[in-house]
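> To be precise about what I am sending: the file is called entry_2.cif and holds mmCIF, C-alpha atoms.
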data_protein
loop_
_atom_site.label_atom_id
_atom_site.label_comp_id
_atom_site.auth_asym_id
_atom_site.auth_seq_id
_atom_site.Cartn_x
_atom_site.Cartn_y
_atom_site.Cartn_z
CA MET A 14 0.00 0.00 0.00
CA SER A 15 1.16 3.52 -0.66
CA GLU A 16 2.13 5.94 2.05
CA ILE A 17 -0.46 8.33 3.39
CA ARG A 18 -0.33 11.48 1.37
CA GLU A 19 -2.31 14.48 0.35
CA PRO A 20 -4.49 13.85 -2.73
CA GLU A 21 -2.95 14.93 -6.01
CA ASP A 22 -4.83 17.01 -8.56
CA GLY A 23 -7.21 14.83 -10.51
CA VAL A 24 -6.85 11.72 -8.31
CA ARG A 25 -10.17 11.99 -6.48
CA VAL A 26 -12.42 14.55 -8.09
CA ASP A 27 -15.25 13.79 -5.65
CA ALA A 28 -13.20 14.90 -2.61
CA PRO A 29 -13.49 18.54 -1.56
CA ARG A 30 -10.40 20.65 -2.11
CA SER A 31 -8.54 20.99 1.18
CA SER A 32 -5.11 22.13 2.29
CA ALA A 33 -4.69 19.04 4.45
CA PRO A 34 -5.70 15.37 4.29
CA VAL A 35 -8.56 13.89 6.28
CA VAL A 36 -7.46 10.54 7.68
CA ALA A 37 -9.81 8.00 9.20
CA VAL A 38 -8.03 5.74 11.69
CA ILE A 39 -10.12 2.62 12.24
CA LEU A 40 -9.19 0.79 15.44
CA ALA A 41 -9.64 -2.97 14.97
CA ALA A 42 -7.01 -4.25 17.40
CA GLY A 43 -9.32 -5.10 20.31
CA LEU A 44 -9.32 -8.69 21.56
CA GLY A 45 -13.06 -8.72 22.27
CA VAL A 46 -12.81 -10.91 25.38
CA ARG A 47 -16.41 -10.10 26.31
CA PHE A 48 -17.63 -11.20 22.90
CA ASP A 49 -15.93 -14.45 21.87
CA THR A 50 -12.18 -14.95 22.18
CA ASP A 51 -12.25 -17.58 19.43
CA ASN A 52 -14.20 -15.44 16.95
CA PRO A 53 -12.99 -11.82 16.86
CA LYS A 54 -15.96 -9.51 16.66
CA GLN A 55 -14.23 -7.34 14.02
CA LEU A 56 -14.60 -10.30 11.65
CA PHE A 57 -18.06 -11.45 12.73
CA LYS A 58 -20.55 -11.03 9.89
CA VAL A 59 -23.72 -8.99 10.20
CA GLY A 60 -25.90 -8.57 7.15
CA GLY A 61 -23.56 -10.99 5.39
CA LYS A 62 -20.55 -8.68 5.78
CA PRO A 63 -17.70 -8.55 8.35
CA ILE A 64 -18.23 -5.84 10.94
CA VAL A 65 -14.92 -4.19 10.06
CA ALA A 66 -15.98 -4.00 6.40
CA TRP A 67 -19.05 -1.97 7.34
CA SER A 68 -16.81 0.53 9.14
CA ILE A 69 -14.30 0.77 6.31
CA GLU A 70 -17.06 1.32 3.76
CA ALA A 71 -18.63 4.11 5.82
CA PHE A 72 -15.44 6.16 5.49
CA GLU A 73 -14.80 5.05 1.91
CA ALA A 74 -18.22 6.47 1.03
CA ASN A 75 -17.58 9.88 2.57
CA PRO A 76 -16.18 12.34 -0.01
CA GLY A 77 -14.40 14.34 2.70
CA VAL A 78 -12.20 11.44 3.82
CA THR A 79 -8.98 11.17 1.81
CA ASP A 80 -7.16 8.29 3.52
CA ILE A 81 -7.87 5.32 5.80
CA LEU A 82 -5.45 3.65 8.22
CA LEU A 83 -6.42 0.32 9.80
CA VAL A 84 -5.01 -0.69 13.20
CA VAL A 85 -5.20 -4.43 13.91
CA ASN A 86 -3.84 -7.17 16.15
CA ASP A 87 -1.85 -10.17 14.92
CA LYS A 88 -4.85 -12.49 15.17
CA VAL A 89 -6.96 -10.51 12.71
CA ARG A 90 -4.26 -9.00 10.49
CA SER A 91 -4.34 -11.62 7.73
CA PRO A 92 -8.16 -11.82 7.49
CA ILE A 93 -8.48 -8.03 7.45
CA GLU A 94 -5.75 -7.69 4.83
CA ALA A 95 -7.68 -10.26 2.78
CA ILE A 96 -10.89 -8.23 3.15
CA VAL A 97 -9.06 -5.09 1.99
CA ALA A 98 -7.52 -6.91 -0.97
CA GLU A 99 -10.80 -8.54 -2.00
CA ASN A 100 -12.72 -5.27 -1.97
CA ALA A 101 -9.89 -3.07 -3.30
CA TYR A 102 -10.78 -0.16 -1.01
CA PRO A 103 -9.06 2.77 -2.73
CA LYS A 104 -8.62 4.93 0.39
CA VAL A 105 -6.98 2.29 2.61
CA ARG A 106 -3.27 3.16 2.71
CA MET A 107 -1.89 0.91 5.45
CA VAL A 108 -2.73 -1.86 7.88
CA ILE A 109 -0.60 -1.58 11.01
CA THR A 110 -0.32 -3.47 14.29
CA GLY A 111 -1.75 -1.80 17.38
CA GLY A 112 -1.06 -2.30 21.06
CA ALA A 113 -2.41 -4.03 24.15
CA GLU A 114 -4.77 -1.16 25.02
CA ARG A 115 -6.83 1.25 22.96
CA ALA A 116 -4.50 4.15 23.71
CA ASP A 117 -1.53 2.07 22.52
CA SER A 118 -3.27 1.56 19.18
CA THR A 119 -3.97 5.26 18.78
CA GLU A 120 -0.34 6.06 19.61
CA ALA A 121 0.82 3.51 17.02
CA ALA A 122 -1.37 5.23 14.43
CA LEU A 123 -0.06 8.68 15.37
CA GLN A 124 3.54 7.49 15.06
CA THR A 125 2.82 5.93 11.67
CA LEU A 126 1.21 9.13 10.45
CA ALA A 127 4.14 11.21 11.68
CA GLU A 128 6.62 8.93 9.91
CA ALA A 129 4.55 9.22 6.73
CA GLY A 130 4.98 12.99 6.88
CA ILE A 131 1.37 13.94 7.51
CA PRO A 132 1.01 17.72 8.01
CA SER A 133 0.39 19.04 11.51
CA ASP A 134 -2.99 20.50 10.54
CA ALA A 135 -4.35 17.26 9.09
CA LYS A 136 -7.76 16.15 10.31
CA VAL A 137 -7.66 12.76 12.00
CA LEU A 138 -10.85 10.82 12.77
CA ILE A 139 -10.45 7.95 15.25
CA HIS A 140 -13.20 5.33 14.93
CA ASP A 141 -13.96 2.04 16.66
CA ALA A 142 -14.18 -0.70 14.03
CA VAL A 143 -17.01 -2.32 15.97
CA ARG A 144 -19.30 0.68 15.41
CA PRO A 145 -20.30 -0.46 11.91
CA PHE A 146 -23.29 1.82 11.35
CA VAL A 147 -21.81 5.29 11.83
CA SER A 148 -23.75 7.81 9.78
CA GLN A 149 -22.38 9.95 6.97
CA GLU A 150 -23.81 12.97 8.80
CA SER A 151 -21.62 12.26 11.84
CA ILE A 152 -18.49 11.75 9.74
CA THR A 153 -19.08 14.94 7.76
CA GLY A 154 -20.00 16.78 10.96
CA CYS A 155 -16.60 15.92 12.45
CA ILE A 156 -14.72 17.05 9.35
CA GLU A 157 -16.57 20.36 9.20
CA ALA A 158 -16.36 21.03 12.95
CA LEU A 159 -12.58 20.78 12.79
CA ASP A 160 -12.60 23.98 10.73
CA GLY A 161 -13.47 25.83 13.94
CA PHE A 162 -12.19 23.51 16.68
CA LYS A 163 -9.06 21.45 17.28
CA ALA A 164 -11.01 18.56 18.82
CA VAL A 165 -14.53 17.20 18.37
CA THR A 166 -16.43 14.09 19.38
CA VAL A 167 -19.59 12.41 18.22
CA ALA A 168 -22.06 12.01 21.08
CA VAL A 169 -25.75 11.62 21.81
CA PRO A 170 -27.73 13.22 24.65
CA SER A 171 -28.35 10.88 27.55
CA THR A 172 -32.01 9.97 27.92
CA ASP A 173 -31.31 8.46 31.34
CA THR A 174 -30.48 10.30 34.52
CA ILE A 175 -26.77 9.83 35.28
CA LEU A 176 -25.67 9.08 38.84
CA TYR A 177 -22.20 10.10 39.98
CA ALA A 178 -21.15 7.59 42.64
CA HIS A 179 -18.32 6.81 45.03
CA ASP A 180 -17.40 3.99 47.41
CA LEU A 181 -18.83 3.71 50.88
CA GLY A 182 -17.48 0.52 52.37
CA ASP A 183 -18.26 -2.32 49.97
CA ARG A 184 -21.13 -0.49 48.27
CA LYS A 185 -21.41 2.28 45.71
CA VAL A 186 -23.49 5.26 46.84
CA VAL A 187 -24.73 8.33 44.96
CA ARG A 188 -22.54 11.40 45.38
CA ASP A 189 -24.25 13.68 42.86
CA VAL A 190 -26.99 13.75 40.23
CA PRO A 191 -25.78 15.94 37.33
CA ASP A 192 -28.26 17.87 35.22
CA ARG A 193 -29.33 15.45 32.48
CA ALA A 194 -29.41 18.28 29.92
CA ASP A 195 -25.61 18.43 30.15
CA MET A 196 -25.04 14.66 29.96
CA PHE A 197 -24.00 12.95 26.70
CA ARG A 198 -22.94 9.43 25.71
CA ALA A 199 -19.71 9.43 23.75
CA GLN A 200 -19.47 7.61 20.43
CA THR A 201 -16.94 7.63 17.62
CA PRO A 202 -15.48 8.99 15.48
CA GLN A 203 -13.59 11.36 17.71
CA ALA A 204 -11.69 13.83 15.56
CA PHE A 205 -8.71 16.10 16.03
CA ARG A 206 -6.15 18.22 14.29
CA PHE A 207 -3.12 15.95 14.14
CA ASP A 208 -0.78 18.17 16.17
CA THR A 209 -3.39 18.58 18.92
CA LEU A 210 -3.88 14.88 19.52
CA ARG A 211 -0.17 14.15 19.27
CA LEU A 212 0.61 16.84 21.85
CA ALA A 213 -2.03 15.45 24.22
CA TYR A 214 -0.54 11.97 23.98
CA ALA A 215 2.98 13.34 24.48
CA LYS A 216 1.90 15.05 27.71
CA ALA A 217 0.08 11.90 28.86
CA ALA A 218 3.18 9.74 28.35
CA SER A 219 4.71 10.96 31.62
CA ASP A 220 1.62 10.11 33.67
CA PRO A 221 1.82 6.63 35.28
CA GLU A 222 -1.97 6.68 35.78
CA PHE A 223 -2.63 7.14 32.06
CA HIS A 224 -5.27 4.58 31.06
CA PRO A 225 -7.89 6.42 28.96
CA THR A 226 -10.85 4.63 27.42
CA ASP A 227 -11.13 7.07 24.52
CA ASP A 228 -9.15 9.81 22.81
CA THR A 229 -11.38 12.70 23.86
CA ARG A 230 -10.43 11.94 27.47
CA VAL A 231 -6.74 12.40 26.59
CA VAL A 232 -7.36 15.91 25.26
CA VAL A 233 -9.70 16.88 28.10
CA ASP A 234 -7.23 15.67 30.77
CA TYR A 235 -3.94 16.84 29.29
CA LEU A 236 -4.95 19.86 27.17
CA PRO A 237 -7.68 21.35 29.40
CA ASP A 238 -7.67 24.67 27.55
CA VAL A 239 -8.64 23.01 24.26
CA PRO A 240 -12.45 22.87 23.92
CA VAL A 241 -13.92 19.66 22.51
CA ALA A 242 -16.98 20.32 20.36
CA ILE A 243 -19.87 17.85 20.22
CA VAL A 244 -21.14 16.55 16.88
CA ALA A 245 -24.52 14.83 16.78
CA GLY A 246 -24.39 11.04 16.87
CA SER A 247 -27.23 8.59 16.49
CA GLU A 248 -28.76 5.64 18.28
CA THR A 249 -27.85 3.46 15.29
CA ASN A 250 -24.14 4.09 15.93
CA LEU A 251 -24.07 0.94 18.03
CA LYS A 252 -20.86 -0.36 19.56
CA ILE A 253 -20.92 -4.14 19.30
CA THR A 254 -19.51 -5.39 22.60
CA LEU A 255 -21.39 -8.54 23.54
CA ALA A 256 -22.80 -11.45 21.56
CA SER A 257 -26.22 -10.24 22.67
CA ASP A 258 -25.69 -7.11 20.53
CA ILE A 259 -25.73 -9.15 17.31
CA PRO A 260 -29.54 -9.42 16.87
CA ILE A 261 -29.81 -5.63 17.11
CA ALA A 262 -26.92 -5.27 14.67
CA GLU A 263 -28.59 -7.65 12.22
CA TRP A 264 -31.77 -5.59 12.35
CA MET A 265 -29.76 -2.43 11.71
CA ALA A 266 -27.91 -4.07 8.83
CA ARG A 267 -31.20 -4.98 7.17
CA SER A 268 -32.36 -1.37 7.59
CA PHE A 269 -29.17 -0.03 6.02
CA GLN A 270 -29.51 -2.50 3.16
CA GLY A 271 -33.15 -1.56 2.63
CA LYS A 272 -34.45 -5.03 3.39
#
Written as structure tokens, how would this file's structure read?

Amino acid sequence: MSEIREPEDGVRVDAPRSSAPVVAVILAAGLGVRFDTDNPKQLFKVGGKPIVAWSIEAFEANPGVTDILLVVNDKVRSPIEAIVAENAYPKVRMVITGGAERADSTEAALQTLAEAGIPSDAKVLIHDAVRPFVSQESITGCIEALDGFKAVTVAVPSTDTILYAHDLGDRKVVRDVPDRADMFRAQTPQAFRFDTLRLAYAKAASDPEFHPTDDTRVVVDYLPDVPVAIVAGSETNLKITLASDIPIAEWMARSFQGK
């Protein structure tokens, strides 16, 4: 595969003219221990198609995305490379190996992008491969929001009251009940200017307690003066975590396929 690069004149006429590339980093390195350790959920088929293929095709279909980088583990590398080869996805530039934790995989992607010479103002969208039904509106919303912000995240308003708890002996008790109007559930993609996310990770590297569950948390914790804008997500942007999520995913796949 070729190195990540800015599109040349005439290569992709459907992509909007931009001074910097828009790179989708699809994280597919998770081991999925809560799903089925013998059958990686990235490769599990819904609607007759591997979950990871749904995610790749969502970003392939978006005219604003110029390049795709896939982050995998050794167990799924060969099958995912086969999926890429079979479908000849034109925007997929590289398949790289991630790390033991989500943050390790993001850092591996950032290092790869830096070595490929990506410009500091590039737009980087980090997406969980097991969110196969991300909408085009959310992807485009991230790309456009980065014109005014250095960091954005897809999220949906919480319809449930959120309880902030702490430990009291061997039981959790309620410490606070935040205003539900200000509560959101984070989804992906989470998008950043390249230099912003790289700086956040560089600052986090010296923190022994650094174990974030998503990339927005890294920016919020280590670059507190950088506002993170919210882009509208959707209830269909399901993260497939458990085997019990598959029936819902199958229903969504049929909806997307018009069946």
> When the PyMOL selection byres ((chain A and resi 190-199) around 12) is applied to the structure above, which residues does it catch, written out as an MDAnalysis selection string?
chainID A and resid 140:141 165:178 186:189 200:203 226:230 241:248 250:252
> At what distance in Å, to one decimal, does CA of Ser32 (chain A) lie from CA of Thr209 (chain A)?
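These two atoms are separated by 17.1 Å.
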> Please, what distance in Å, to one decimal, runs between CA of Phe207 (chain A) and CA of Leu44 (chain A)?
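Computing the Euclidean distance for CA of Phe207 (chain A) and CA of Leu44 (chain A) yields 26.5 Å.
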> Which residue gives the smallest distance to Leu159 (chain A) among A:Leu212, A:Ile259, A:Ala33, A:Val231, with all atoms listed in the file counted?
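Smallest separation from Leu159 (chain A) among the options: A:Ala33.
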> Taking only C-alpha atoms into account, which of A:Pro92, A:Pro34, A:Pro63, A:Gly43 comes nearest Gly77 (chain A)?
A:Pro34
> With all atoms listed in the file as the basis for distance, which of A:Ala41, A:Asn75, A:Phe146, A:Asp134 is at the shortest distance from Ser268 (chain A)?
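Using all atoms listed in the file, Ser268 (chain A) sits closest to A:Phe146.
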> What does the structure give for the distance between CA of Ile139 (chain A) and CA of Thr119 (chain A), in Å to one decimal?
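Value for the CA of Ile139 (chain A)-CA of Thr119 (chain A) distance: 7.9 Å.
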> Given the file shown, determine the residues that the PyMOL selection byres ((chain A and resi 94-109) around 9) selects; report them as a VMD selection string.
chain A and resid 14 to 18 63 65 to 66 69 to 70 72 to 73 78 to 86 89 to 93 110 to 111 121 to 122 125
> Could you save those same residues with C-alpha atoms as a tab-separated table (two decimals), in the frame of the given file?

chain	number	residue	atom	x	y	z
A	14	MET	CA	0.00	0.00	0.00
A	15	SER	CA	1.16	3.52	-0.66
A	16	GLU	CA	2.13	5.94	2.05
A	17	ILE	CA	-0.46	8.33	3.39
A	18	ARG	CA	-0.33	11.48	1.37
A	63	PRO	CA	-17.70	-8.55	8.35
A	65	VAL	CA	-14.92	-4.19	10.06
A	66	ALA	CA	-15.98	-4.00	6.40
A	69	ILE	CA	-14.30	0.77	6.31
A	70	GLU	CA	-17.06	1.32	3.76
A	72	PHE	CA	-15.44	6.16	5.49
A	73	GLU	CA	-14.80	5.05	1.91
A	78	VAL	CA	-12.20	11.44	3.82
A	79	THR	CA	-8.98	11.17	1.81
A	80	ASP	CA	-7.16	8.29	3.52
A	81	ILE	CA	-7.87	5.32	5.80
A	82	LEU	CA	-5.45	3.65	8.22
A	83	LEU	CA	-6.42	0.32	9.80
A	84	VAL	CA	-5.01	-0.69	13.20
A	85	VAL	CA	-5.20	-4.43	13.91
A	86	ASN	CA	-3.84	-7.17	16.15
A	89	VAL	CA	-6.96	-10.51	12.71
A	90	ARG	CA	-4.26	-9.00	10.49
A	91	SER	CA	-4.34	-11.62	7.73
A	92	PRO	CA	-8.16	-11.82	7.49
A	93	ILE	CA	-8.48	-8.03	7.45
A	110	THR	CA	-0.32	-3.47	14.29
A	111	GLY	CA	-1.75	-1.80	17.38
A	121	ALA	CA	0.82	3.51	17.02
A	122	ALA	CA	-1.37	5.23	14.43
A	125	THR	CA	2.82	5.93	11.67
> Select, from A:Leu40, A:Lys54, A:Ser148, A:Leu138, the residue with the minimum atom-to-atom distance to Ala116 (chain A), counting only C-alpha atoms.
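That would be A:Leu40, the residue with the smallest distance to Ala116 (chain A).
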> Would you list the contacts of Pro240 (chain A) as JSON, numbers by chain, taking every protein, DNA or RNA residue within 10 Å and counting all atoms listed in the file, but skipping same-chain residues closer than 5 positions in sequence?
{"A": [162, 163, 164, 165, 232, 233]}
> Using C-alpha atoms, can you export the residues from the last selection as an mmCIF file, in the frame of the given file?

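Saved to part_9.cif:
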data_model
loop_
_atom_site.group_PDB
_atom_site.id
_atom_site.type_symbol
_atom_site.label_atom_id
_atom_site.label_comp_id
_atom_site.auth_asym_id
_atom_site.auth_seq_id
_atom_site.Cartn_x
_atom_site.Cartn_y
_atom_site.Cartn_z
ATOM 1 C CA PHE A 162 -12.190 23.510 16.680
ATOM 2 C CA LYS A 163 -9.060 21.450 17.280
ATOM 3 C CA ALA A 164 -11.010 18.560 18.820
ATOM 4 C CA VAL A 165 -14.530 17.200 18.370
ATOM 5 C CA VAL A 232 -7.360 15.910 25.260
ATOM 6 C CA VAL A 233 -9.700 16.880 28.100
#
> As JSON, please report the centre and edge lengths, rounded to one decimal in Å, of the axis-aligned box that holds all listed atoms of region 193-199 of chain A with 8 Å of padding on each of the six sides.

{"center_x": -24.6, "center_y": 13.9, "center_z": 28.1, "size_x": 25.7, "size_y": 25.0, "size_z": 24.7}
> From the list A:Tyr214, A:Tyr235, A:Phe269, A:Trp264, which residue is nearest Glu120 (chain A) when using all atoms listed in the file?
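Using all atoms listed in the file, Glu120 (chain A) sits closest to A:Tyr214.
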